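Asker: Just passing along the structure, written as C-alpha cells.
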Amino acid sequence: MQPLEHLAQEHRLIAKAVPITKSFRDEIEAGGPIRPRRYWWLIDFWSTYADIVHHSKEEQFLFPVIVEHGGTTEFEETIDKLVEEHMYLLAYIAELRRFARPMFTGDPSARERVISCLDKYTDLIEPHIKLEDTELFPAASQLLSKAEMDELAKEFKAIDTRTGTQVQSYYSSLLDKLKEK
Ligand SMILES: [Fe+2]
Ligand SMILES: [Fe+2]
C-alpha cells in the first residue's frame with residue numbers, strides 16, 4: 001500500500017474512535033457504571049494503535065525523511081508542532097492509566113481528571129490528524145521520491161508486523177466492541 005494512504009487509513013480508524021471516546025466520557029460523567037475491561041480497551045486503542053502503531057510511523061520514518069529533504073522552515077515548524085502534540089497525547093494516556101484505579105474505587109476528583117483528560121485528548125487529536133491530512137501528507141506526496149515512498153511502505157509494514165500481523169483488523173474490531181457498550 002502507498003505509505004501516505006496507509007497513514008490516512010489509520011487516521012480514519014482514529015477518527016472513528018473519537019466519537020466513541022466522547023460517548024465513553026459522557027457515560028463516566030453520568031455516573032457509569034464503567035467496566036474496567038472497557039476502560040482498558042479504550043486506553044489500549046489510544047496507546048497501542050494511535051501511539052505505537054501510528055505515531056511511530058510518523059516520528060521514526062515520515063517526519064525525518066521530510067526534514068532530510070532540507071525541508072523549508074515551514075515543514076520543520078509543522079513537524080515540531082506535530083511531535084509536540086504526540087507528546088501531549090501520550091501524557092494524557094499516562095494520566096488515564098494513573099487515575100484509573102482511584103476512579104474505579106470511587107474517588108470523585110480522579111473521575112474529574114479522567115473526564116478532563118478524555119476531553120483534552122479528543123480536542124487535540126481531531127485538529128492534529130486534520131493538519132496531517134490536509135497539509136503535511138499532500139506536501140510529502142509532492143516532495144518524496146518513489147524510492148523514498150517504497151522505503152516508507154517497507155518500514156510501515158515492518159511496524160505493523162512487529163505489533164502483530166492482525167494489528168489493523170484487531171483495533172478495528174476493538175472499536176466495534178467498544179461501540180456495543
Ligand atoms: Fe501525528
Ligand atoms: Fe497521524
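Each chain of the C-alpha cells is named A, B, ... in the order shown, its residues numbered from 1; ligands are numbered from 1 in display order.
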Please identify every residue of chain A that has at least one atom no farther than 8 Å from an atom of ligand 1, counting only C-alpha atoms and all ligand atoms, and for each give the shortest atom pair and the distance in Å to one decimal, arranged by chain then increasing number, as a tab-separated table.

Answerer:
```
residue	atom	partner	partner_atom_place_in_ligand_line	distance
A:His54	CA	ligand 1	1 (Fe)	7.5
A:His55	CA	ligand 1	1 (Fe)	5.4
A:Glu58	CA	ligand 1	1 (Fe)	6.3
A:Glu59	CA	ligand 1	1 (Fe)	7.8
A:Leu82	CA	ligand 1	1 (Fe)	5.7
A:Val83	CA	ligand 1	1 (Fe)	7.0
A:Glu85	CA	ligand 1	1 (Fe)	7.6
A:His86	CA	ligand 1	1 (Fe)	6.2
A:His128	CA	ligand 1	1 (Fe)	6.4
A:Ile129	CA	ligand 1	1 (Fe)	6.2
A:Glu132	CA	ligand 1	1 (Fe)	6.7
```

Asker: Got a sec: who's within 10 Å of Asp176 in chain A, counting only C-alpha atoms, leaving out chain neighbours fewer than 6 positions off, as a list in words?

Answerer: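 Near Asp176 in chain A, the qualifying residues are Lys16, Ala17 and Ile20 of chain A.
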
Asker: Which is closer to Thr163 in chain A than all the others in A:Arg37, A:Arg25, A:Lys57, A:Arg12, using only C-alpha atoms?

Answerer: A:Lys57

Asker: Using only C-alpha atoms, which residues sit within 12 Å of range 67-69 of chain A once same-chain residues fewer than 2 positions away are excluded, as a VMD selection string?

Answerer: chain A and resid 58 to 65 71 to 80 136 139 to 140 142 to 145 148

Asker: Using Å and a single decimal, report how far CA of Glu126 in chain A sits from CA of Tyr88 in chain A.

Answerer: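 If I compute the distance from CA of Tyr88 in chain A to CA of Glu126 in chain A, I get 13.5 Å.
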
Asker: Determine, counting only C-alpha atoms, which protein, DNA and RNA residues have an atom within 12 Å of an atom of Pro108 in chain A; residues of the same chain fewer than 5 positions away are not included. Present the result as a list in words.

Answerer: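 In the requested form, the answer reads Ile28, Glu29, Gly31, Phe99, Ala100, Arg101, Pro102, Met103, Arg113, Val114 and Ile115 of chain A.
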
Asker: Restrict the selected residues to N, CA and C atoms and save them as a PDB file, in the first residue's frame.

Answerer:
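As written to disk, again_39.pdb reads:
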```
ATOM      1  N   ILE A  28     -19.063   8.223  31.755  1.00  0.00           N
ATOM      2  CA  ILE A  28     -18.353   8.402  33.037  1.00  0.00           C
ATOM      3  C   ILE A  28     -18.954   9.592  33.780  1.00  0.00           C
ATOM      4  N   GLU A  29     -19.205  10.681  33.048  1.00  0.00           N
ATOM      5  CA  GLU A  29     -19.768  11.873  33.691  1.00  0.00           C
ATOM      6  C   GLU A  29     -21.162  11.586  34.262  1.00  0.00           C
ATOM      7  N   GLY A  31     -22.095   8.987  35.567  1.00  0.00           N
ATOM      8  CA  GLY A  31     -22.009   8.128  36.751  1.00  0.00           C
ATOM      9  C   GLY A  31     -21.821   6.654  36.467  1.00  0.00           C
ATOM     10  N   PHE A  99      -5.049   7.508  36.816  1.00  0.00           N
ATOM     11  CA  PHE A  99      -6.263   7.794  37.594  1.00  0.00           C
ATOM     12  C   PHE A  99      -7.320   6.705  37.491  1.00  0.00           C
ATOM     13  N   ALA A 100      -7.007   5.619  36.782  1.00  0.00           N
ATOM     14  CA  ALA A 100      -7.991   4.541  36.628  1.00  0.00           C
ATOM     15  C   ALA A 100      -8.372   3.953  37.982  1.00  0.00           C
ATOM     16  N   ARG A 101      -7.364   3.559  38.737  1.00  0.00           N
ATOM     17  CA  ARG A 101      -7.664   2.870  39.993  1.00  0.00           C
ATOM     18  C   ARG A 101      -8.453   3.750  40.967  1.00  0.00           C
ATOM     19  N   PRO A 102      -7.985   4.987  41.260  1.00  0.00           N
ATOM     20  CA  PRO A 102      -8.799   5.814  42.162  1.00  0.00           C
ATOM     21  C   PRO A 102     -10.201   6.085  41.613  1.00  0.00           C
ATOM     22  N   MET A 103     -10.335   6.221  40.287  1.00  0.00           N
ATOM     23  CA  MET A 103     -11.683   6.431  39.744  1.00  0.00           C
ATOM     24  C   MET A 103     -12.573   5.222  40.026  1.00  0.00           C
ATOM     25  N   ARG A 113     -10.528  14.090  36.744  1.00  0.00           N
ATOM     26  CA  ARG A 113      -9.266  14.124  35.980  1.00  0.00           C
ATOM     27  C   ARG A 113      -9.382  13.286  34.716  1.00  0.00           C
ATOM     28  N   VAL A 114     -10.039  12.120  34.849  1.00  0.00           N
ATOM     29  CA  VAL A 114     -10.225  11.241  33.692  1.00  0.00           C
ATOM     30  C   VAL A 114     -11.079  11.955  32.637  1.00  0.00           C
ATOM     31  N   ILE A 115     -12.168  12.568  33.071  1.00  0.00           N
ATOM     32  CA  ILE A 115     -13.051  13.278  32.130  1.00  0.00           C
ATOM     33  C   ILE A 115     -12.267  14.396  31.430  1.00  0.00           C
TER      34      ILE A 115
END
```

Asker: Using only C-alpha atoms and all ligand atoms, which residue out of A:Ala91, A:Leu13, A:Leu152, A:Leu96 lies closest to ligand 2?

Answerer: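 Distance minimum relative to ligand 2 lands on A:Leu13.
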
Asker: A:Thr134, A:Ser172, A:Thr165, A:Ser141: which is nearest ligand 2, counting only C-alpha atoms and all ligand atoms?

Answerer: A:Thr134

Asker: Do a neighbour search on Asp26 in chain A at 12 Å with only C-alpha atoms, toss out local chain neighbours closer than 4 positions, and write the hits as a PyMOL selection string.

Answerer: chain A and resi 19-22+30-34+111-112+114-116+118-119

Asker: Under the rule that only C-alpha atoms are counted, which of A:Tyr171, A:Tyr92, A:Trp41, A:Phe156 is the nearest residue to His6 in chain A?

Answerer: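 When distances to His6 in chain A are compared using only C-alpha atoms, the smallest one comes from A:Phe156.
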
Asker: If we count only C-alpha atoms and set the cut-off at 10 Å, which residues sit around Ile52 in chain A, ignoring sequence neighbours fewer than 6 positions away in its own chain? Please answer as a short mmCIF file (atom, residue, chain, number, x, y, z; two decimals) with C-alpha atoms, in the first residue's frame.

Answerer:
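What landed in selection-v6.cif:
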```
data_model
loop_
_atom_site.label_atom_id
_atom_site.label_comp_id
_atom_site.auth_asym_id
_atom_site.auth_seq_id
_atom_site.Cartn_x
_atom_site.Cartn_y
_atom_site.Cartn_z
CA PHE A 45 -6.56 1.74 21.44
CA TRP A 46 -5.04 5.17 22.08
CA ILE A 159 5.95 -1.82 12.22
CA ASP A 160 2.58 -3.49 11.65
CA THR A 163 2.94 -5.06 16.60
#
```

Asker: From the set A:Leu42, A:Tyr49, A:Arg98, A:Pro36, which residue has the shortest atom-to-atom contact distance to Tyr170 in chain A, counting only C-alpha atoms?

Answerer: A:Tyr49
